[in-house]
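K.L.:
Please find start.cif (mmCIF, C-alpha atoms) on the next line:
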data_start
#
loop_
_atom_site.label_atom_id
_atom_site.label_comp_id
_atom_site.auth_asym_id
_atom_site.auth_seq_id
_atom_site.Cartn_x
_atom_site.Cartn_y
_atom_site.Cartn_z
CA MET A 205 -5.80 131.43 161.44
CA ALA A 206 -3.28 129.91 159.01
CA LYS A 207 -4.77 127.54 156.44
CA VAL A 208 -3.02 124.31 155.42
CA GLY A 209 -1.02 124.79 152.21
CA ILE A 210 -1.55 122.52 149.21
CA VAL A 211 1.20 121.35 146.82
CA ILE A 212 0.38 119.52 143.61
CA VAL A 213 3.14 117.36 142.08
CA SER A 214 2.52 115.74 138.70
CA HIS A 215 4.83 114.33 136.04
CA SER A 216 3.08 116.70 133.66
CA PRO A 217 3.10 120.48 134.20
CA LYS A 218 -0.23 120.63 132.37
CA VAL A 219 -1.86 118.17 134.78
CA ALA A 220 -0.41 120.01 137.78
CA GLU A 221 -1.51 123.40 136.52
CA GLY A 222 -4.94 122.10 135.55
CA ALA A 223 -5.46 120.55 138.97
CA ALA A 224 -4.35 123.84 140.56
CA ASP A 225 -6.90 125.72 138.41
CA MET A 226 -9.62 123.41 139.73
CA VAL A 227 -8.48 124.06 143.30
CA ARG A 228 -8.54 127.84 142.74
CA GLN A 229 -12.04 127.58 141.31
CA MET A 230 -13.14 125.97 144.56
CA VAL A 231 -11.26 128.02 147.17
CA GLY A 232 -9.94 131.11 145.37
CA GLU A 233 -6.94 132.64 147.14
CA GLU A 234 -7.94 131.43 150.62
CA VAL A 235 -5.45 128.57 150.67
CA PRO A 236 -1.69 128.70 149.99
CA LEU A 237 -1.22 126.68 146.79
CA ALA A 238 1.73 125.71 144.59
CA TRP A 239 2.13 123.23 141.77
CA THR A 240 5.01 121.68 139.90
CA GLY A 241 5.39 119.23 137.05
CA GLY A 242 8.23 118.07 134.83
CA ASN A 243 11.77 116.78 135.28
CA PRO A 244 14.87 119.00 135.71
CA ALA A 245 15.18 119.24 131.89
CA GLY A 246 11.55 120.29 131.42
CA GLY A 247 10.28 116.96 130.07
CA LEU A 248 7.65 114.75 131.69
CA GLY A 249 8.84 113.70 135.14
CA THR A 250 9.47 115.14 138.57
CA SER A 251 12.15 117.32 140.09
CA TYR A 252 13.26 117.25 143.72
CA GLU A 253 14.33 120.90 143.56
CA ALA A 254 11.08 122.08 141.99
CA ILE A 255 9.10 120.19 144.66
CA SER A 256 11.22 121.73 147.44
CA GLU A 257 10.53 125.17 145.95
CA ALA A 258 6.79 124.45 145.72
CA ILE A 259 6.74 123.48 149.42
CA ARG A 260 8.45 126.80 150.25
CA LYS A 261 5.89 128.69 148.15
CA ALA A 262 2.86 127.02 149.72
CA TRP A 263 4.35 127.07 153.23
CA SER A 264 1.92 127.68 156.05
CA GLU A 265 2.30 127.52 159.82
CA ALA A 266 -0.62 125.06 159.68
CA GLY A 267 1.45 122.74 157.49
CA VAL A 268 1.44 121.58 153.88
CA ALA A 269 -0.35 118.64 152.22
CA ILE A 270 1.26 117.30 149.02
CA LEU A 271 -0.79 115.54 146.35
CA VAL A 272 1.14 113.40 143.85
CA ASP A 273 0.40 111.32 140.77
CA LEU A 274 2.79 108.41 140.02
CA GLY A 275 5.77 106.76 141.80
CA GLY A 276 8.54 109.26 141.09
CA ALA A 277 6.36 112.14 142.25
CA GLU A 278 5.85 110.37 145.58
CA THR A 279 9.49 109.30 145.98
CA ASN A 280 10.81 112.78 145.19
CA SER A 281 8.21 114.47 147.40
CA GLU A 282 9.12 112.23 150.35
CA MET A 283 12.78 113.06 149.75
CA ALA A 284 11.96 116.78 149.66
CA VAL A 285 10.06 116.48 152.95
CA GLU A 286 12.95 114.66 154.64
CA MET A 287 15.41 117.33 153.54
CA LEU A 288 13.33 120.12 155.12
CA PRO A 289 14.59 121.80 158.29
CA ALA A 290 13.51 119.72 161.31
CA GLU A 291 10.97 122.32 162.52
CA ARG A 292 9.10 122.11 159.19
CA ARG A 293 9.50 118.40 158.44
CA ALA A 294 6.78 117.21 160.82
CA ARG A 295 4.28 119.63 159.31
CA VAL A 296 4.42 118.40 155.71
CA VAL A 297 2.67 115.23 154.55
CA VAL A 298 2.46 113.36 151.25
CA CYS A 299 -1.15 112.21 150.83
CA ASN A 300 -2.09 108.81 149.52
CA ALA A 301 -4.89 110.15 147.31
CA PRO A 302 -5.77 110.69 143.66
CA ILE A 303 -4.10 113.92 142.56
CA VAL A 304 -7.02 115.94 141.16
CA GLU A 305 -9.81 114.88 143.50
CA GLY A 306 -7.38 114.82 146.42
CA ALA A 307 -6.16 118.36 145.75
CA VAL A 308 -9.69 119.77 145.44
CA MET A 309 -10.98 117.96 148.55
CA ALA A 310 -7.89 118.79 150.60
CA ALA A 311 -8.03 122.46 149.63
CA THR A 312 -11.73 122.69 150.40
CA GLU A 313 -11.12 121.15 153.81
CA SER A 314 -8.20 123.51 154.40
CA ALA A 315 -10.30 126.53 153.44
CA GLY A 316 -12.70 125.58 156.25
CA GLY A 317 -9.85 125.89 158.72
CA SER A 318 -9.17 122.20 159.36
CA SER A 319 -5.91 120.86 160.74
CA LEU A 320 -3.27 119.17 158.58
CA GLU A 321 -4.30 115.76 159.95
CA ARG A 322 -7.94 116.39 159.01
CA VAL A 323 -7.03 117.72 155.54
CA ARG A 324 -4.92 114.63 154.91
CA ALA A 325 -7.61 112.27 156.20
CA VAL A 326 -10.25 113.80 153.93
CA ALA A 327 -8.00 113.46 150.87
CA GLU A 328 -7.02 109.91 151.78
CA GLU A 329 -10.64 108.80 152.24
CA LEU A 330 -10.76 108.92 148.45
CA SER A 331 -8.30 106.03 148.33
CA ALA A 332 -10.00 104.05 151.07
CA ASN A 333 -12.54 102.28 148.88
CA MET B 633 45.67 95.70 143.12
CA ALA B 634 43.40 93.89 145.51
CA LEU B 635 40.34 95.73 146.72
CA GLU B 636 41.58 95.69 150.33
CA GLU B 637 44.86 97.34 149.40
CA ALA B 638 43.15 99.81 147.10
CA MET B 639 40.67 100.82 149.77
CA THR B 640 43.28 101.25 152.47
CA SER B 641 46.27 102.55 150.52
CA PRO B 642 47.48 106.02 151.44
CA GLY B 643 46.43 109.00 149.37
CA GLY B 644 43.03 110.58 148.89
CA GLY B 645 40.03 109.67 151.00
CA THR B 646 38.92 107.02 148.52
CA GLY B 647 42.24 105.26 148.98
CA LEU B 648 43.10 106.63 145.55
CA ASP B 649 45.22 109.60 144.56
CA ALA B 650 43.49 112.56 142.92
CA GLY B 651 44.34 111.32 139.42
CA ARG B 652 42.76 107.93 140.01
CA THR B 653 39.80 109.45 141.80
CA ARG B 654 39.26 111.57 138.71
CA LYS B 655 39.49 108.52 136.46
CA LEU B 656 37.11 106.56 138.69
CA ILE B 657 34.44 109.28 138.60
CA ALA B 658 34.89 109.82 134.86
CA ASP B 659 34.77 106.09 134.04
CA VAL B 660 31.61 105.53 136.09
CA ALA B 661 29.97 108.57 134.49
CA ARG B 662 30.94 107.54 130.96
CA SER B 663 29.78 103.96 131.46
CA VAL B 664 26.32 105.29 132.29
CA ILE B 665 26.31 107.97 129.58
CA ASP B 666 27.46 105.49 126.91
CA ALA B 667 24.65 103.10 127.89
CA ALA B 668 21.94 105.78 127.77
CA ASP B 669 20.24 104.32 124.69
CA GLU B 670 20.27 100.81 126.16
CA LEU B 671 18.84 102.04 129.48
CA THR B 672 16.15 103.98 127.65
CA ALA B 673 15.21 100.92 125.60
CA LEU B 674 14.97 98.78 128.76
CA ASP B 675 12.82 101.44 130.43
CA ALA B 676 10.65 101.89 127.34
CA ALA B 677 9.78 98.19 127.53
CA ILE B 678 8.46 98.26 131.10
CA GLY B 679 8.36 101.90 132.21
CA ASP B 680 8.20 105.44 130.91
CA GLY B 681 11.36 105.25 128.81
CA ASP B 682 13.29 108.10 130.38
CA HIS B 683 15.90 106.28 132.49
CA GLY B 684 18.72 106.64 129.96
CA GLU B 685 18.18 110.33 129.31
CA ASN B 686 17.72 111.11 132.99
CA MET B 687 20.86 109.25 134.08
CA LYS B 688 22.83 110.75 131.20
CA ARG B 689 21.83 114.25 132.27
CA GLY B 690 22.92 113.50 135.84
CA PHE B 691 26.30 112.07 134.94
CA GLU B 692 27.01 114.80 132.40
CA ALA B 693 26.51 117.25 135.25
CA ILE B 694 29.03 115.22 137.26
CA LEU B 695 31.56 115.24 134.41
CA ALA B 696 31.15 119.01 134.14
CA ASP B 697 32.26 119.25 137.77
CA LEU B 698 35.06 116.71 137.52
CA ASP B 699 37.91 119.03 138.63
CA ALA B 700 36.21 120.04 141.86
CA LEU B 701 34.91 116.54 142.61
CA SER B 702 38.33 114.87 142.12
CA ALA B 703 39.88 117.00 144.83
CA MET B 704 37.30 116.10 147.49
CA PRO B 705 37.76 113.61 150.32
CA ALA B 706 35.54 110.52 150.00
CA PRO B 707 32.57 111.58 152.17
CA GLU B 708 32.40 115.05 150.62
CA LEU B 709 32.68 113.53 147.15
CA CYS B 710 29.78 111.16 147.81
CA ARG B 711 27.69 114.01 149.22
CA ALA B 712 28.38 116.16 146.15
CA ILE B 713 27.54 113.30 143.77
CA GLY B 714 24.33 112.56 145.68
CA ALA B 715 23.23 116.19 145.63
CA LYS B 716 24.06 116.49 141.93
CA LEU B 717 22.15 113.34 140.96
CA LEU B 718 19.22 114.33 143.14
CA SER B 719 18.90 117.72 141.48
CA THR B 720 19.60 116.73 137.87
CA VAL B 721 18.33 113.17 137.27
CA GLY B 722 14.76 113.69 138.44
CA GLY B 723 12.07 111.11 139.07
CA ALA B 724 12.39 108.10 141.31
CA SER B 725 15.90 107.28 140.02
CA GLY B 726 17.21 110.70 141.05
CA ALA B 727 15.81 110.31 144.54
CA LEU B 728 17.01 106.69 144.86
CA TYR B 729 20.56 107.27 143.62
CA GLY B 730 20.62 110.57 145.49
CA SER B 731 19.63 108.79 148.70
CA PHE B 732 22.29 106.12 148.06
CA PHE B 733 25.17 108.57 147.75
CA LEU B 734 23.96 110.88 150.53
CA ALA B 735 23.76 107.92 152.92
CA LEU B 736 27.17 106.72 151.76
CA ALA B 737 28.55 110.20 152.50
CA LYS B 738 27.12 110.08 156.00
CA SER B 739 28.68 106.71 156.87
CA LEU B 740 31.98 106.74 155.00
CA PRO B 741 35.04 107.83 157.02
CA VAL B 742 37.62 110.12 155.38
CA GLU B 743 40.09 107.23 155.27
CA PRO B 744 37.88 104.19 154.71
CA SER B 745 39.07 100.67 155.44
CA ARG B 746 37.62 97.73 153.59
CA ALA B 747 35.32 97.04 156.56
CA SER B 748 34.15 100.63 157.01
CA ALA B 749 33.58 101.00 153.26
CA ALA B 750 31.48 97.81 153.24
CA ALA B 751 29.51 99.02 156.26
CA ALA B 752 28.89 102.40 154.60
CA PHE B 753 27.79 100.64 151.41
CA GLY B 754 25.34 98.65 153.55
CA ASP B 755 23.91 101.87 155.02
CA ALA B 756 23.55 103.29 151.52
CA VAL B 757 21.67 100.18 150.36
CA ASP B 758 19.39 100.51 153.40
CA ALA B 759 18.67 104.11 152.39
CA VAL B 760 17.56 102.89 148.96
CA ARG B 761 15.37 100.24 150.62
CA ALA B 762 13.71 102.92 152.74
CA ARG B 763 13.36 105.47 149.93
CA GLY B 764 11.88 102.94 147.51
CA LYS B 765 9.92 101.02 150.17
CA SER B 766 11.28 97.95 148.46
CA ASP B 767 13.55 94.97 149.02
CA PHE B 768 15.33 92.17 147.19
CA GLY B 769 13.41 90.30 144.49
CA GLU B 770 11.07 93.07 143.34
CA LYS B 771 12.78 93.81 140.01
CA THR B 772 14.58 96.96 141.09
CA MET B 773 18.14 98.25 141.54
CA LEU B 774 18.11 96.56 144.96
CA ASP B 775 18.32 93.20 143.19
CA VAL B 776 21.86 94.22 142.22
CA LEU B 777 22.85 96.34 145.22
CA ILE B 778 21.90 93.76 147.87
CA PRO B 779 23.95 90.81 146.53
CA VAL B 780 26.88 93.13 145.81
CA GLN B 781 26.72 94.43 149.36
CA ARG B 782 26.71 90.89 150.72
CA ILE B 783 29.80 89.90 148.72
CA PHE B 784 31.56 93.16 149.54
CA ALA B 785 30.88 92.67 153.26
CA THR B 786 32.02 89.05 153.31
CA GLY B 787 35.35 89.68 151.64
CA GLY B 788 34.68 88.86 147.99
CA ASP B 789 37.20 90.30 145.52
CA VAL B 790 36.46 92.66 142.62
CA VAL B 791 36.12 89.79 140.17
CA ALA B 792 33.42 88.18 142.30
CA ILE B 793 31.62 91.49 142.83
CA ARG B 794 31.70 92.33 139.14
CA GLN B 795 30.35 88.95 138.15
CA ALA B 796 27.65 89.05 140.80
CA ALA B 797 26.46 92.50 139.67
CA ARG B 798 26.18 91.43 136.04
CA LYS B 799 24.37 88.20 136.91
CA ALA B 800 22.06 89.96 139.36
CA ALA B 801 20.94 92.46 136.71
CA GLU B 802 20.24 89.60 134.30
CA ALA B 803 18.38 87.76 137.03
CA THR B 804 15.77 90.55 137.07
CA ILE B 805 14.58 89.46 133.59
CA PRO B 806 12.17 86.71 134.71
CA ILE B 807 10.92 88.60 137.78
CA LEU B 808 7.37 89.94 137.94
CA ALA B 809 7.64 93.66 138.82
CA THR B 810 5.81 94.70 141.97
CA ARG B 811 7.38 98.15 142.44
CA GLY B 812 7.45 101.25 140.29
CA ARG B 813 5.74 101.80 137.01
CA ALA B 814 6.77 98.36 135.70
CA SER B 815 4.29 96.88 138.19
CA PHE B 816 1.43 98.39 136.11
CA LEU B 817 2.32 95.88 133.40
CA GLY B 818 1.77 92.89 135.65
CA GLU B 819 2.74 89.69 133.82
CA ARG B 820 4.02 91.69 130.85
CA SER B 821 6.91 92.96 132.99
CA ILE B 822 8.33 89.42 132.86
CA GLY B 823 11.06 88.93 130.25
CA HIS B 824 12.68 92.36 130.53
CA MET B 825 15.73 93.42 132.51
CA ASP B 826 15.05 96.15 135.07
CA PRO B 827 16.69 99.39 133.86
CA GLY B 828 17.62 100.47 137.41
CA ALA B 829 19.27 97.12 138.07
CA ARG B 830 21.18 97.56 134.81
CA SER B 831 22.37 101.09 135.61
CA SER B 832 23.47 99.94 139.07
CA ALA B 833 25.38 97.02 137.56
CA LEU B 834 27.07 99.34 135.05
CA MET B 835 28.31 101.63 137.82
CA ILE B 836 29.54 98.74 139.94
CA ASP B 837 31.31 97.28 136.92
CA ALA B 838 33.11 100.57 136.25
CA ILE B 839 34.12 100.90 139.91
CA CYS B 840 35.42 97.32 140.03
CA ALA B 841 37.36 97.85 136.81
CA GLN B 842 39.12 100.75 138.51
CA PHE B 843 39.95 98.88 141.71
CA GLY B 844 40.91 95.78 139.78
CA GLU B 845 43.61 97.55 137.75
CA GLU B 846 47.36 97.01 138.17
#
Any chance you could give the structure as C-alpha cells?

P.N.:
Amino acid sequence: MAKVGIVIVSHSPKVAEGAADMVRQMVGEEVPLAWTGGNPAGGLGTSYEAISEAIRKAWSEAGVAILVDLGGAETNSEMAVEMLPAERRARVVVCNAPIVEGAVMAATESAGGSSLERVRAVAEELSAN
Amino acid sequence: MALEEAMTSPGGGTGLDAGRTRKLIADVARSVIDAADELTALDAAIGDGDHGENMKRGFEAILADLDALSAMPAPELCRAIGAKLLSTVGGASGALYGSFFLALAKSLPVEPSRASAAAAFGDAVDAVRARGKSDFGEKTMLDVLIPVQRIFATGGDVVAIRQAARKAAEATIPILATRGRASFLGERSIGHMDPGARSSALMIDAICAQFGEE
C-alpha cells in the first residue's frame, strides 16, 4: 500500500536536510521524502518552484504532508498546493506543526501505513498544547 | 490624461500602446529596484532583511523580459508578471505579489474599462487577503492595497490614489505587527514602516505617474 509522502520546507537548506536525515534515521526508505530550503537565488528563504518540485518528488497516491518552518515557507507551500492539478490538490496538506518533530512523527506514522488525515493529525498534536 | 480615459483609450489591452506599456512596466520595475536598499533596511528593522534583494531579483527578471511582456494584452501580461514574481522573488512576498497579479490576470478583460479594472483590482486584493490570511490594519501590504482599491473603485483620480498610497504606507509605522515575522517583535515592531506596504506604495506611485502623464 502507498505510504504518505513527506515534504520538508525550511528557509535554510541545512535545517531541511538535517530534518530529512532525522526522518531517514527513523523510517529509512519506507516513506517518500523530499526536502527543500533556500530562496530562488540560493540564500535563506523559500522558493515556490523548489517546493512544487519537492511535492512532485515525494508524490504518493496516499497523499503528501508538508512540514514548514516560518511564514514564507507556509505561504509558498500553500500556493504550491493550490497550483497543483485538481486531482492532486486535495491530497496534499500543509501541517501546522513544528518542522523537525512534525516531520519525524509524520513520517513514523506514515511508515505504519496511516492515512494522510491521520499523519497530519499526529503531526499537529505537537502544536495542540 | 485622466485615469478613465487612459484605461479606456484604444490601443493595447492596458489602454496603452505598446510603447507606453513598455514604459509602465519598466518604470514600475525600476522604482522597486532603485528602492532595494531602502526596502532591505525597513525589513532588517522588523523582519529578515531580504525584501529589497528579493523584490529586486524579481523585477530584474521582469526587465529582462521587457520586449515580450510589452507586446502582451493586459490579462496575459499580468499572468506573466505574476508567474515571474512567484518564481523569482521567493518567500511570502513572492507568493503574495504572485497571487495578486495572477488574480488580476484572471479578472481583467482584454479591453478593461475603469469599472472592470477596479473590480479586477478588488479581486487581486482579495487574493492577497486569502494568501496572507490577513486584512487591513495588520501592518502589511494590505494596509496600502485596501485603501487604494477603495479610492480606485469610487472614482478617485490618480492624484488621490497616489497620495493615499503614500500616506497608507506611512500609516503602518505606529501599527503593532500581528502578521508575518514582524509579529515576533511584538511591541518593538511599532515605529517602523512595513516593507511590504512600502513596496506596494512604490509600485502604485509608478503606475499613477504613468497614467497621470500628459

K.L.:
Measuring atom to atom with all atoms listed in the file, identify which of B:Gly723, B:Gly823, B:Gly844, B:Gly769 is nearest to chain A.

P.N.:
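Going through B:Gly723, B:Gly823, B:Gly844, B:Gly769 one by one, the smallest distance to chain A is for B:Gly723.
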
K.L.:
Figure out the distance between atom CA of Ala245 of chain A and atom CA of Met825 of chain B, please, to one decimal in Å.

P.N.:
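It comes out at 25.8 Å.
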
K.L.:
Counting all atoms listed in the file, give me one row per residue of chain A with an atom at most 12 Å from an atom of chain B, showing the shortest contact pair and its distance in Å to one decimal, sorted by chain then residue number, as JSON lines.

P.N.:
{"residue": "A:Val213", "atom": "CA", "partner": "B:Gly723", "partner_atom": "CA", "distance": 11.3}
{"residue": "A:Ser214", "atom": "CA", "partner": "B:Gly723", "partner_atom": "CA", "distance": 10.6}
{"residue": "A:His215", "atom": "CA", "partner": "B:Gly723", "partner_atom": "CA", "distance": 8.5}
{"residue": "A:Ser216", "atom": "CA", "partner": "B:Gly723", "partner_atom": "CA", "distance": 11.9}
{"residue": "A:Gly241", "atom": "CA", "partner": "B:Gly723", "partner_atom": "CA", "distance": 10.7}
{"residue": "A:Gly242", "atom": "CA", "partner": "B:Gly722", "partner_atom": "CA", "distance": 8.7}
{"residue": "A:Asn243", "atom": "CA", "partner": "B:Gly722", "partner_atom": "CA", "distance": 5.3}
{"residue": "A:Pro244", "atom": "CA", "partner": "B:Thr720", "partner_atom": "CA", "distance": 5.7}
{"residue": "A:Ala245", "atom": "CA", "partner": "B:Thr720", "partner_atom": "CA", "distance": 7.8}
{"residue": "A:Gly246", "atom": "CA", "partner": "B:Gly722", "partner_atom": "CA", "distance": 10.2}
{"residue": "A:Gly247", "atom": "CA", "partner": "B:Asp682", "partner_atom": "CA", "distance": 9.4}
{"residue": "A:Leu248", "atom": "CA", "partner": "B:Asp682", "partner_atom": "CA", "distance": 8.8}
{"residue": "A:Gly249", "atom": "CA", "partner": "B:Gly723", "partner_atom": "CA", "distance": 5.7}
{"residue": "A:Thr250", "atom": "CA", "partner": "B:Gly723", "partner_atom": "CA", "distance": 4.8}
{"residue": "A:Ser251", "atom": "CA", "partner": "B:Gly722", "partner_atom": "CA", "distance": 4.8}
{"residue": "A:Tyr252", "atom": "CA", "partner": "B:Ser719", "partner_atom": "CA", "distance": 6.1}
{"residue": "A:Glu253", "atom": "CA", "partner": "B:Ser719", "partner_atom": "CA", "distance": 5.9}
{"residue": "A:Ala254", "atom": "CA", "partner": "B:Ser719", "partner_atom": "CA", "distance": 9.0}
{"residue": "A:Ile255", "atom": "CA", "partner": "B:Ser719", "partner_atom": "CA", "distance": 10.6}
{"residue": "A:Ser256", "atom": "CA", "partner": "B:Ser719", "partner_atom": "CA", "distance": 10.5}
{"residue": "A:Asp273", "atom": "CA", "partner": "B:Arg813", "partner_atom": "CA", "distance": 11.5}
{"residue": "A:Leu274", "atom": "CA", "partner": "B:Arg813", "partner_atom": "CA", "distance": 7.8}
{"residue": "A:Gly275", "atom": "CA", "partner": "B:Gly812", "partner_atom": "CA", "distance": 6.0}
{"residue": "A:Gly276", "atom": "CA", "partner": "B:Ala724", "partner_atom": "CA", "distance": 4.0}
{"residue": "A:Ala277", "atom": "CA", "partner": "B:Gly723", "partner_atom": "CA", "distance": 6.6}
{"residue": "A:Glu278", "atom": "CA", "partner": "B:Ala724", "partner_atom": "CA", "distance": 8.1}
{"residue": "A:Thr279", "atom": "CA", "partner": "B:Ala724", "partner_atom": "CA", "distance": 5.6}
{"residue": "A:Asn280", "atom": "CA", "partner": "B:Ala727", "partner_atom": "CA", "distance": 5.6}
{"residue": "A:Ser281", "atom": "CA", "partner": "B:Ala727", "partner_atom": "CA", "distance": 9.1}
{"residue": "A:Glu282", "atom": "CA", "partner": "B:Arg763", "partner_atom": "CA", "distance": 8.0}
{"residue": "A:Met283", "atom": "CA", "partner": "B:Ala727", "partner_atom": "CA", "distance": 6.6}
{"residue": "A:Ala284", "atom": "CA", "partner": "B:Ala727", "partner_atom": "CA", "distance": 9.1}
{"residue": "A:Val285", "atom": "CA", "partner": "B:Arg763", "partner_atom": "CA", "distance": 11.9}
{"residue": "A:Glu286", "atom": "CA", "partner": "B:Arg763", "partner_atom": "CA", "distance": 10.3}
{"residue": "A:Met287", "atom": "CA", "partner": "B:Ser731", "partner_atom": "CA", "distance": 10.7}

K.L.:
Interatomic distance between atom CA of Ala658 of chain B and atom CA of Asp775 of chain B?

P.N.:
24.9 Å

K.L.:
Within 12 Å of Pro236 of chain A, counting only C-alpha atoms, which residues show up once you throw out same-chain ones fewer than 4 positions away? Write them as a ChimeraX atom specification, please.

P.N.:
/A:206-212,224,227-228,231-232,258-270,310-312,314-315

K.L.:
Would you mind exporting C-alpha atoms of the selected residues as a compact mmCIF listing (two decimals), in the coordinates of the input?

P.N.:
# COMPACT_ATOMS: atom_id res chain seq x y z
CA ALA A 206 -3.28 129.91 159.01
CA LYS A 207 -4.77 127.54 156.44
CA VAL A 208 -3.02 124.31 155.42
CA GLY A 209 -1.02 124.79 152.21
CA ILE A 210 -1.55 122.52 149.21
CA VAL A 211 1.20 121.35 146.82
CA ILE A 212 0.38 119.52 143.61
CA ALA A 224 -4.35 123.84 140.56
CA VAL A 227 -8.48 124.06 143.30
CA ARG A 228 -8.54 127.84 142.74
CA VAL A 231 -11.26 128.02 147.17
CA GLY A 232 -9.94 131.11 145.37
CA ALA A 258 6.79 124.45 145.72
CA ILE A 259 6.74 123.48 149.42
CA ARG A 260 8.45 126.80 150.25
CA LYS A 261 5.89 128.69 148.15
CA ALA A 262 2.86 127.02 149.72
CA TRP A 263 4.35 127.07 153.23
CA SER A 264 1.92 127.68 156.05
CA GLU A 265 2.30 127.52 159.82
CA ALA A 266 -0.62 125.06 159.68
CA GLY A 267 1.45 122.74 157.49
CA VAL A 268 1.44 121.58 153.88
CA ALA A 269 -0.35 118.64 152.22
CA ILE A 270 1.26 117.30 149.02
CA ALA A 310 -7.89 118.79 150.60
CA ALA A 311 -8.03 122.46 149.63
CA THR A 312 -11.73 122.69 150.40
CA SER A 314 -8.20 123.51 154.40
CA ALA A 315 -10.30 126.53 153.44

K.L.:
Pull out every residue that the PyMOL selection byres ((chain B and resi 752) around 6) matches in the shown coordinates and put them as an MDAnalysis selection string.

P.N.:
chainID B and resid 736 739:740 749:751 753:755

K.L.:
Evaluate the PyMOL selection byres ((chain B and resi 793) around 9) against this structure - the residues, as an NGL selection string, please.

P.N.:
:B and (779-781 or 783-784 or 788-792 or 794-798 or 836-837 or 840)

K.L.:
What is the distance between atom CA of Val296 of chain A and atom CA of Ala327 of chain A, in Å to one decimal?

P.N.:
14.2 Å
